[in-house]
Every structure is written in C-alpha cells, then in structure tokens.
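Input: a single structure, listed below in structure tokens.
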Amino acid sequence: MTAENYRSALPHSAELHHRVQQVLAGATGHDSWRLNPFAPIFVSAKGAYKHDVDGRSYVDLWMGHGSLLLGHGDDEVVDALCRQAAQATHLSGLTLPMIEWAEAICALVPSAERVRFTASGSEAAHLAFRVARAFTGRSTIVRLGGHYHGWIENLLTGLVDGRSIGLPEDAGGDIAVMAFDDLDAVEERLSAGDVAAVFIEPGGGGSGALPWSTSFLARLRELTERRRTLLVFDEVISGFRYSPGGVQALAGVRPDLTVLAKIMAGGMPGGALAGLKEVMSVFAGGSKLADGRLPIIHAGTFNGFPPSAAAGLVTLHRARDGVPQRMAEGSAALLCAGVNAAAEARGLDVRMFQNSSTVHVLLGATAAGIEPEPSRESFALIAEQQAAHSELRRQLLIAGIDMHASHGWISQAHCPAVIEDAVARFDRAFEAIVNLGAGAPFVANVCAKTCFNATCACRARVFAGCDLPLADAAGEPTAKA
Ligand SMILES: Cc1ncc(COP(=O)(O)O)c(C=O)c1O
C-alpha cells in the first residue's frame, strides 16, 4: 500500500530505477541513499529546496550530507566556482586558492598550524592514522564505539556489529574500540603505552546522536597528554558548524590533529588533515629521515582541488563570524518544536532533537521512556527502528521532505518561512502515517477509543492512559479514558 502510494507519487523516478539497476552497483551511489522500492532521482537545487525528475520540490534536510552550510547554489559560491572553472580546474601543482584555503583553516581552527589536503573526509581520517603512527612510533589506535571516521578499511572497525564482507582478516587488528562514555577504561588502555592516538567525533558520535561535553573532552586531553598519545578530533561534521572554529574552539580543548571535510569545501569534494606544526613535521621533505626511514607517503590527484578551494574559501569567509551557524541552529530549534508539536497532535510517538544544527528523529522514544536528546539509548533506538525510519522516509518524500533516514542538517537557507513549510510537510507525512493505521513504534499503546480534542487533528486514536476527552461513535464527547 505504502509502496504503491510512493510509486504513484514519484512515477518518473520509479521508471528510471530500471536503468539504475542496470548500471549502478547495489543500485545506489551511497549506502544511505538506498530506499525500497527505489530512491528518488534529483535534478537541481536552490537554497533549502531541491527538485526531482518528476518536477516535485523537497525541503532538503540532507544538505549535501551537511556540507552546504550556506544552502544550495549560494550566488557567491557559484560565482567563485565558475570563475575558478574558467581559469583552471587542475594545475598539477600548488595554487593561490590552495594557499588561501589552508590560511583560512589555520585562522579558524585553533589546532590547525599546518594543513594537508585530501579529496574526502575518509581519506583525511586515514591519513591521520598514518601520521599518528609515524609521529609516535606506536601502532594501536583507540576509537570510540558509534563514532564514524569514514568507510575505508580499518576506519570501519567497531562501527557496526558484525563484519562487513571484503575486509581483510586483520583489518582493525591494531584498533581498540572503547565505549564512548567510559574514560576510566580509556585511561587503563592508554597505560599500556602502545597507543598512538585516540580518535573521537568531539561533537558527539553518530552525526551528533551521541552526547559530548567539555569536561569529557578536557579529561580526554589530559589523559592523552599524560601518556604522550595523540588526540585526534574528527570534526568532519562539527567543524565550522558547531562554531567557526568547531568543537575545539567551543570547548577550549586543543587536539593534536583535526580531520576536516564537508563545510570546509563548500559543497564540493574535499578534506584536510590539520594539526600542530610539530606533529605535521612527519611530512617534512627529503627522501629519507635521519634514522634512514622514509617520510610519510601521501599523494592524491585531487588534493587541494582548485574549484573546491574556491567554494570552500567563500564558505569559510562567510562562516567566520558565526552568523550562518547561529541562524542554522535557531532554525533547527524551530523545526524540532514544530515537528514535535505536529507529531503529538496526531498522537504519534515521533520526537526530533537537535545537536547544534544537526537534527535527529526518534521513533517510539516516549513508549521506551527515552528522552529526545543525544544519549546511548537514543543512539540504540535509532539503530533498532531502521525499518520504521525507512517507512517515515517514504512518507516524508511523498510529502516533499528529503532527509537521511534518521537525521538531517539545517543550513542558513532554512529561514523561518522554510521551516514553517517543512513542518507542514512533516504534518502531511504524519497524517498519512495515521491514515495508514501505523502501529508501533509510531503509535505507542494504541487505545481503541477515538480522540476528541478540539485542538487535535487526529481524531483517530489516543495513547492508553491519555486523559483527553473521548468521543462516542457520533463524535460527541464522552467520559474520560
Ligand atoms: C565524522 C565523519 N568523519 C568522516 C567522514 C567521512 O567523510 P567523507 O564522506 O567525506 O569521506 C564523515 C562522513 O560523513 C563523518 O561524518
């Protein structure tokens, strides 16, 4: 039934799925874009909206996986890109934009004294592994459960339960995965003296679904310093979003290395490893080090790609006063309030919460007694309810919202009028879910009686224990439940 509604709402995308299956491996380009029975095919975007091959518009809450802080097609970014594309896309060497890009990063990020560009965040995290091992002469990396650092080989270790096929038998052999909230255990592990670095998403793992705190980061800094272990902040999401200088500027905790991507490249591909001068000295030129070993080997055809530098420079320039970040964060708060009110009015157990300007959706949290906030429980609930999140995603697409199955990113382009529109679209999706008679986790403890509440539009069902007045078959109010 839902699949049919979805298919008839997006007929051209449905038709194109046949071609997708013929040429795209796994019928997608990114695991999180996959959706049954097919994913929409997009053609264009501007501001906070994007459009598909059926000519439908969507409020975009995906926003280039969080890379588009200024929104789609920002005029200044587009101008800079066009100018750079006309001038040169690739000069096989150093360029002025690359120097300025590195200068902008060093000016904003407290721990950035030297920068090495890559083509993606995964590559930058991979490079951080190598730099940490080269600098310390140790091999073990500690990473925290639920914190994401990209898809490459051992960066995936401990991210998901079970093993992905295709990884070498020993992938992750020198990775120690620790609980994200147990600093005593980390302290004990560091005491073995073999740990090169501790990796963390300082703004909260799982794109901000897990919590973070200044005191946690400060203690981790103290523990790593005491053991001469490097502290690596993966600020691919939080960098330039939580504040112009990322979480490290907000928390006043300086890591040794910082992994960057997304906003830094203004919606274009790009990443960077930034770090303290002393640590980044492992890149020092020359064919051999004093002890005879070779320096770090690092290449990459698209490192410091000039068009990415052009888009990134405009974005970092505009983000340096914190205005886009504050606007996005304010809009995220408005969205959460609106979505939660709409869900409640329809008797749905759907809750949205924010971490900076990322938003997360929980299904069944009230029934499970889980607060809508970053926590171990929220994170686990999202993982448990994947099928229901896909159902919500289909309904949101029909209603004109595109977001990742459980989270989204808000940009400066999501002004209050866009948020109002987004909330109305969420409400349409909620209405459809109610009309489809969805059960748990959307509706907790369903009561057979009909809701009768002048301010409530659902008039369908209420939670057991609800003290709203109820209606009889003719719609007249009766005694309370
Ligand atoms: C925290 C974090 N680190 C690393 C990455 C990998 O970046 P990329 O997708 O550019 O390879 C991501 C991507 O979402 C991320 O969220």
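Residues are referred to by chain and number: the chain letter is A, B, ... according to the order shown in the structure tokens, the number counts from 1 in that chain, and ligands are numbered separately from 1 in the order shown.
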
Practice item. Based on DSSP run over this structure's backbone, return all residues of range 176-306 of chain A in strand (DSSP E or B), as a ChimeraX atom specification. Key: /A:176-178,195-200,230-234,239,243,257-261,271-275

Practice item. Using only C-alpha atoms and all ligand atoms, find each residue with an atom at most 8 Å away from ligand 1 and format the answer as a ChimeraX atom specification. Key: /A:65,119-125,147-151,201,205-207,234-238,259-262,269-271

Exercise for review: Do a neighbour search on range 10-17 of chain A at 6 Å with only C-alpha atoms, toss out local chain neighbours closer than 5 positions, and write the hits as a list in words.
Suggested key: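 After dropping sequence-adjacent residues, the list is Pro40, Ile41 and Asp54 of chain A.
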
Kindly save the residues from that selection, with N, CA and C atoms included, as a PDB file, in the first residue's frame.
ATOM      1  N   PRO A  40      14.520   8.404  -4.967  1.00  0.00           N
ATOM      2  CA  PRO A  40      14.216   9.462  -5.934  1.00  0.00           C
ATOM      3  C   PRO A  40      15.458   9.870  -6.725  1.00  0.00           C
ATOM      4  N   ILE A  41      15.220  10.373  -7.935  1.00  0.00           N
ATOM      5  CA  ILE A  41      16.320  10.849  -8.772  1.00  0.00           C
ATOM      6  C   ILE A  41      16.196  12.378  -8.815  1.00  0.00           C
ATOM      7  N   ASP A  54      10.502  14.204 -11.414  1.00  0.00           N
ATOM      8  CA  ASP A  54       9.052  14.329 -11.574  1.00  0.00           C
ATOM      9  C   ASP A  54       8.608  15.780 -11.433  1.00  0.00           C
TER      10      ASP A  54
END

Point to revise | 10 Å contact set for Ile410 in chain A, only C-alpha atoms, chain neighbours under 2 positions out, as a PyMOL selection string | key: chain A and resi 48+60-63+66+68-71+241+325+327-333+335+354+356-359+408+412-415+419

**Study point:** Of the listed residues A:Val247, A:Val350, A:Ala399, A:Ala192, that which approaches Arg56 in chain A most closely, counting only C-alpha atoms
**Key:**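 For Arg56 in chain A, the nearest of the given residues is A:Ala399.
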